[in-house]
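A short write-up of the structure that comes next.
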Amino acid sequence: MGVGPVDVVIIGFPGNKFSGRIAPALMELVDSGTIRVLDLLFVMKDADGVTTTIDLEDLDPETGPAFLAVTVHEAGALGPEDAEEVADDLEPHTSALLIAFENTWARDFVDACRAADGVLIDQIRIPADVAEAALSGS
């Protein structure tokens with residue numbers, strides 16, 4: 001069986017207002033077989049512009065437990081260079097969560113394309129807010 005496409009999403013949290021509210025939605029995607037989490041990386045920039053990478057187990061007591069339930073299959077896939085790249089774009093007193101995940105829902109489709117000698121030419125992701133606006137006629 002092949003591997004589905006892998007995406008990395010970066011979610012910003014102005015004011016470092018990060019909570020564990022994303023974890024249950026992430027777990028729903030995992031439990032339904034839609035995705036497989038490869039790695040998670042938390043990056044925080046303080047008011048002075050100092051950047052810190054935070055491990056799951058070092059998250060605060062309100063946030064950490066929700067994410068500790070997420071099984072990470074390729075810990076370390078997101079590394080210091082990813083943290084640096086994201087930190088360059090973070091404003092002071094802002095944090096970001098990077099999530100690398102395999103789109104497991106697409107495995108059979110990938111296998112079928114390969115079996116048909118199909119070759120991926122390009123892949124374009126339309127951001128959810130843009131798709132929502134287009135589909136609602138706005």
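To be explicit about the labels: the chains of the structure tokens are called A, B, and onward in the order shown, and within each one the residues are counted from 1, while ligands get numbers from 1 in the order they are shown.
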Query raised in the report: Could you pull the residues within 12 Å of Asp60 (chain A), counting only C-alpha atoms, minus those fewer than 5 positions along the same chain, as a list in words?
Result: Lys17, Phe18, Ser19, Gly20, Ile54, Asp55, Pro65, Ala66, Phe67 and Leu68 of chain A
Give me a file of those residues, with all heavy atoms, as a PDB file, in the first residue's frame.
ATOM      1  N   LYS A  17      -2.234  32.896  22.467  1.00  0.00           N
ATOM      2  CA  LYS A  17      -3.471  32.351  23.035  1.00  0.00           C
ATOM      3  C   LYS A  17      -3.713  30.957  22.476  1.00  0.00           C
ATOM      4  O   LYS A  17      -4.657  30.707  21.747  1.00  0.00           O
ATOM      5  CB  LYS A  17      -4.642  33.272  22.727  1.00  0.00           C
ATOM      6  CG  LYS A  17      -4.537  34.613  23.402  1.00  0.00           C
ATOM      7  CD  LYS A  17      -5.695  35.486  23.047  1.00  0.00           C
ATOM      8  CE  LYS A  17      -5.533  36.857  23.669  1.00  0.00           C
ATOM      9  NZ  LYS A  17      -6.568  37.768  23.241  1.00  0.00           N
ATOM     10  N   PHE A  18      -2.839  30.057  22.854  1.00  0.00           N
ATOM     11  CA  PHE A  18      -2.917  28.680  22.365  1.00  0.00           C
ATOM     12  C   PHE A  18      -3.662  27.834  23.373  1.00  0.00           C
ATOM     13  O   PHE A  18      -3.399  27.898  24.567  1.00  0.00           O
ATOM     14  CB  PHE A  18      -1.507  28.137  22.149  1.00  0.00           C
ATOM     15  CG  PHE A  18      -1.498  26.756  21.593  1.00  0.00           C
ATOM     16  CD1 PHE A  18      -1.844  26.538  20.274  1.00  0.00           C
ATOM     17  CD2 PHE A  18      -1.178  25.682  22.383  1.00  0.00           C
ATOM     18  CE1 PHE A  18      -1.860  25.264  19.748  1.00  0.00           C
ATOM     19  CE2 PHE A  18      -1.195  24.410  21.864  1.00  0.00           C
ATOM     20  CZ  PHE A  18      -1.539  24.202  20.545  1.00  0.00           C
ATOM     21  N   SER A  19      -4.598  27.056  22.900  1.00  0.00           N
ATOM     22  CA  SER A  19      -5.341  26.154  23.782  1.00  0.00           C
ATOM     23  C   SER A  19      -5.366  24.770  23.154  1.00  0.00           C
ATOM     24  O   SER A  19      -4.949  24.593  22.024  1.00  0.00           O
ATOM     25  CB  SER A  19      -6.775  26.663  23.990  1.00  0.00           C
ATOM     26  OG  SER A  19      -7.547  26.453  22.821  1.00  0.00           O
ATOM     27  N   GLY A  20      -5.866  23.819  23.880  1.00  0.00           N
ATOM     28  CA  GLY A  20      -5.957  22.450  23.379  1.00  0.00           C
ATOM     29  C   GLY A  20      -7.226  22.185  22.595  1.00  0.00           C
ATOM     30  O   GLY A  20      -7.544  21.029  22.303  1.00  0.00           O
ATOM     31  N   ILE A  54       8.536  24.208  21.744  1.00  0.00           N
ATOM     32  CA  ILE A  54       7.961  23.575  22.916  1.00  0.00           C
ATOM     33  C   ILE A  54       7.612  22.128  22.599  1.00  0.00           C
ATOM     34  O   ILE A  54       6.920  21.853  21.613  1.00  0.00           O
ATOM     35  CB  ILE A  54       6.699  24.324  23.373  1.00  0.00           C
ATOM     36  CG1 ILE A  54       7.021  25.813  23.586  1.00  0.00           C
ATOM     37  CG2 ILE A  54       6.122  23.704  24.631  1.00  0.00           C
ATOM     38  CD1 ILE A  54       5.804  26.684  23.717  1.00  0.00           C
ATOM     39  N   ASP A  55       8.079  21.202  23.429  1.00  0.00           N
ATOM     40  CA  ASP A  55       7.723  19.790  23.292  1.00  0.00           C
ATOM     41  C   ASP A  55       6.318  19.568  23.848  1.00  0.00           C
ATOM     42  O   ASP A  55       5.859  20.289  24.743  1.00  0.00           O
ATOM     43  CB  ASP A  55       8.711  18.909  24.057  1.00  0.00           C
ATOM     44  CG  ASP A  55      10.089  18.918  23.427  1.00  0.00           C
ATOM     45  OD1 ASP A  55      10.177  18.989  22.188  1.00  0.00           O
ATOM     46  OD2 ASP A  55      11.077  18.854  24.190  1.00  0.00           O
ATOM     47  N   PRO A  65      -2.411  18.016  27.997  1.00  0.00           N
ATOM     48  CA  PRO A  65      -3.106  16.720  27.988  1.00  0.00           C
ATOM     49  C   PRO A  65      -3.904  16.447  26.725  1.00  0.00           C
ATOM     50  O   PRO A  65      -3.958  15.317  26.258  1.00  0.00           O
ATOM     51  CB  PRO A  65      -4.023  16.813  29.214  1.00  0.00           C
ATOM     52  CG  PRO A  65      -3.324  17.753  30.128  1.00  0.00           C
ATOM     53  CD  PRO A  65      -2.675  18.779  29.211  1.00  0.00           C
ATOM     54  N   ALA A  66      -4.512  17.455  26.145  1.00  0.00           N
ATOM     55  CA  ALA A  66      -5.300  17.249  24.928  1.00  0.00           C
ATOM     56  C   ALA A  66      -4.423  16.751  23.787  1.00  0.00           C
ATOM     57  O   ALA A  66      -4.810  15.867  23.028  1.00  0.00           O
ATOM     58  CB  ALA A  66      -5.998  18.548  24.528  1.00  0.00           C
ATOM     59  N   PHE A  67      -3.212  17.287  23.677  1.00  0.00           N
ATOM     60  CA  PHE A  67      -2.324  16.898  22.584  1.00  0.00           C
ATOM     61  C   PHE A  67      -1.529  15.640  22.873  1.00  0.00           C
ATOM     62  O   PHE A  67      -1.066  14.971  21.955  1.00  0.00           O
ATOM     63  CB  PHE A  67      -1.390  18.058  22.212  1.00  0.00           C
ATOM     64  CG  PHE A  67      -2.064  19.071  21.355  1.00  0.00           C
ATOM     65  CD1 PHE A  67      -2.632  20.197  21.925  1.00  0.00           C
ATOM     66  CD2 PHE A  67      -2.186  18.882  19.998  1.00  0.00           C
ATOM     67  CE1 PHE A  67      -3.298  21.121  21.140  1.00  0.00           C
ATOM     68  CE2 PHE A  67      -2.840  19.797  19.197  1.00  0.00           C
ATOM     69  CZ  PHE A  67      -3.405  20.926  19.777  1.00  0.00           C
ATOM     70  N   LEU A  68      -1.374  15.276  24.146  1.00  0.00           N
ATOM     71  CA  LEU A  68      -0.654  14.048  24.469  1.00  0.00           C
ATOM     72  C   LEU A  68      -1.400  12.818  23.980  1.00  0.00           C
ATOM     73  O   LEU A  68      -0.808  11.761  23.786  1.00  0.00           O
ATOM     74  CB  LEU A  68      -0.379  13.961  25.970  1.00  0.00           C
ATOM     75  CG  LEU A  68       0.677  14.935  26.480  1.00  0.00           C
ATOM     76  CD1 LEU A  68       0.768  14.867  27.999  1.00  0.00           C
ATOM     77  CD2 LEU A  68       2.033  14.657  25.861  1.00  0.00           C
TER      78      LEU A  68
END
Requested in this report: Would you mind listing what lies within 9 Å of Ile11 (chain A) as a list in words, with only C-alpha atoms counted and same-chain residues fewer than 2 positions away left out?
Outcome: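 My reading of the contact set: Val9, Phe13, Ser95, Ala96, Leu97, Leu98 and Ile99 of chain A.
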Query raised in the report: Skipping near chain neighbours, those fewer than 3 positions away, what residues fall within 12 Å of Glu74 (chain A) using only C-alpha atoms, listed as an MDAnalysis selection string?
Result: chainID A and resid 36:41 71 77:79 99:102
Report task. Could you check how far CA of Val50 (chain A) sits from CA of Pro92 (chain A), in Å to one decimal? Result ->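 Separation between CA of Val50 (chain A) and CA of Pro92 (chain A): 8.0 Å.
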Requested in this report: Enumerate the residues of region 46-118 of chain A with a DSSP assignment of strand (DSSP E), computed from the backbone, and present them as a list in words.
Outcome: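 Taking region 46-118 of chain A and keeping strand (DSSP E) only, one gets Thr51, Thr52, Thr53, Ile54, Thr94, Ser95, Ala96, Leu97, Leu98, Ile99, Ala100, Phe101 and Glu102 of chain A.
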Report task. Using DSSP on the backbone coordinates, identify the residues of region 5-95 of chain A assigned to helix (DSSP H, G or I); present them as a list of chain:residue names. Result -> A:Ile22, A:Ala23, A:Pro24, A:Ala25, A:Leu26, A:Met27, A:Glu28, A:Leu29, A:Val30, A:Asp31, A:Leu56, A:Glu57, A:Asp58, A:Gly64, A:Pro65, A:Ala66, A:Phe67, A:Leu68, A:Pro80, A:Glu81, A:Asp82, A:Ala83, A:Glu84, A:Glu85, A:Val86, A:Ala87, A:Asp88, A:Asp89
Query raised in the report: Nearest to Leu59 (chain A) among A:His73, A:Met44, A:Phe109, A:Pro5, with distances taken over only C-alpha atoms: which residue is it?
Result: A:Met44
